[in-house]
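Here's the structure we're looking at; comments come further down.
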Amino acid sequence: MALASKVERRVEDEVLLLSRSFDAPPALVFRLWAEPEHRVRWWGPSGMGPTRCEVDFRVCGVWRVTMARADGFEHPVHGVFTEIDEPRRLCFTYINDFDGHRMLVEMDFEAEGEGTRMHFRQAPFLSVGERDGHGYGWTSTLSILASYVRKVRDAGGVVVGQPRQPGDY
């Protein structure tokens, strides 16, 4: 009897699930995703800043972000908004320009006391390694967003600080 040479692929290996609390109401957290002048101040994991950020915030609108490190490495990503139900739900495709693989990001924002609980789902991934890499990137990015949310909340909802730069933490 021959052993199977193929590893069985599990659906849960293709899905990234995250949950995050923010210290501001859903309407404010949602707006920080919608407006590029805010997005450039929090988007990207630690060590990378957006050098390009375009957001056509409407269903079928295109978004593009290029994240860069201080050493010049660039990571361009883009997609299309597929669902916008402000301030409850936001969905968009996510395509890494290096491989062209298309995924769907789904986020639900719910009131949690005076704050927001965001449920995040991204799928399908081509490998567990890709999923885990995105898990690191999104966890770091959402931590930066959480810090920015507090600053914007405390400033009355206006844009705060300078856009992030390559190498920023």
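By convention in this document, the chains of the structure tokens carry letters A, B, ... by their order, each chain's residues are numbered from 1, and ligands are numbered from 1 in the order they are shown.
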Please provide the set of residues having any atom within 12 Å of region 75-81 of chain A, restricted to only C-alpha atoms, with same-chain residues fewer than 5 positions apart removed, written as a ChimeraX atom specification.
/A:33-34,43-45,48-69,89-107,137,166
DSSP on the backbone: which residues in region 133-165 of chain A end up as alpha helix (DSSP H)? Give the answer as a PyMOL selection string.
chain A and resi 133-154
Quick check, in Å to one decimal: how far apart do CA of Met118 (chain A) and CA of Phe22 (chain A) lie?
7.8 Å
Excluding region 140-156 of chain A and residues on its chain fewer than 2 positions from it, collect all residues at most 12 Å away from it, counting only C-alpha atoms, and give them as a ChimeraX atom specification.
/A:18-33,38-50,67,114-120,133-138,158-164,168-169
Filtering to C-alpha atoms, could you give me those residues as a CSV table (one decimal), in the first residue's frame?
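again21.csv, written as the output of this step:
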```
chain,number,residue,atom,x,y,z
A,18,LEU,CA,-8.5,38.5,13.8
A,19,SER,CA,-10.5,40.4,16.4
A,20,ARG,CA,-9.5,43.8,17.7
A,21,SER,CA,-10.9,46.4,20.1
A,22,PHE,CA,-10.5,50.1,19.4
A,23,ASP,CA,-11.1,53.0,21.9
A,24,ALA,CA,-13.5,54.9,19.7
A,25,PRO,CA,-17.0,54.4,18.3
A,26,PRO,CA,-17.5,52.4,15.1
A,27,ALA,CA,-18.2,55.5,12.9
A,28,LEU,CA,-14.8,56.9,13.7
A,29,VAL,CA,-12.9,53.6,13.2
A,30,PHE,CA,-14.7,53.0,9.9
A,31,ARG,CA,-13.9,56.6,8.7
A,32,LEU,CA,-10.2,56.0,9.2
A,33,TRP,CA,-10.4,53.2,6.7
A,38,HIS,CA,-6.0,59.2,7.7
A,39,ARG,CA,-4.9,55.9,6.1
A,40,VAL,CA,-1.4,57.2,5.3
A,41,ARG,CA,-0.9,57.8,9.1
A,42,TRP,CA,-1.6,54.2,10.2
A,43,TRP,CA,-1.4,51.8,7.2
A,44,GLY,CA,1.3,49.2,7.1
A,45,PRO,CA,3.1,47.0,9.6
A,46,SER,CA,5.9,48.2,11.8
A,47,GLY,CA,9.0,49.2,9.8
A,48,MET,CA,7.0,50.0,6.6
A,49,GLY,CA,5.2,53.2,5.6
A,50,PRO,CA,2.9,54.0,2.7
A,67,MET,CA,4.3,50.1,1.6
A,114,GLU,CA,-17.9,53.3,24.1
A,115,GLY,CA,-15.5,51.6,21.7
A,116,THR,CA,-15.5,49.2,18.8
A,117,ARG,CA,-14.9,45.5,18.3
A,118,MET,CA,-13.7,44.8,14.7
A,119,HIS,CA,-13.9,41.2,13.4
A,120,PHE,CA,-11.5,40.7,10.5
A,133,GLY,CA,2.8,36.4,7.3
A,134,HIS,CA,-0.4,38.4,6.7
A,135,GLY,CA,-1.3,37.7,10.3
A,136,TYR,CA,1.8,39.3,11.5
A,137,GLY,CA,1.4,42.3,9.1
A,138,TRP,CA,-2.3,42.9,10.0
A,158,VAL,CA,-9.4,65.6,12.8
A,159,VAL,CA,-6.2,64.3,11.0
A,160,VAL,CA,-3.4,64.0,13.5
A,161,GLY,CA,0.4,63.9,12.9
A,162,GLN,CA,2.4,63.3,9.7
A,163,PRO,CA,2.1,60.4,7.3
A,164,ARG,CA,4.1,57.4,8.2
A,168,ASP,CA,8.6,54.0,10.9
A,169,TYR,CA,7.5,51.9,13.8
```
Write out as a PyMOL selection string the set of residues from region 59-130 of chain A that DSSP, computed on the backbone, places in strand (DSSP E).
chain A and resi 62-68+74-85+89-96+102-112+115-123
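Interatomic distance, CA of Gly167 (chain A) against CA of Thr139 (chain A): 17.1 Å.
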Expressed in Å, the length from CA of Asp108 (chain A) to CA of Ile84 (chain A) is 10.4 Å
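Nearest-residue note for Pro87 (chain A): choosing from A:Glu110, A:Glu37, A:Asp132, A:Glu14, the minimum distance belongs to A:Glu110, counting only C-alpha atoms.
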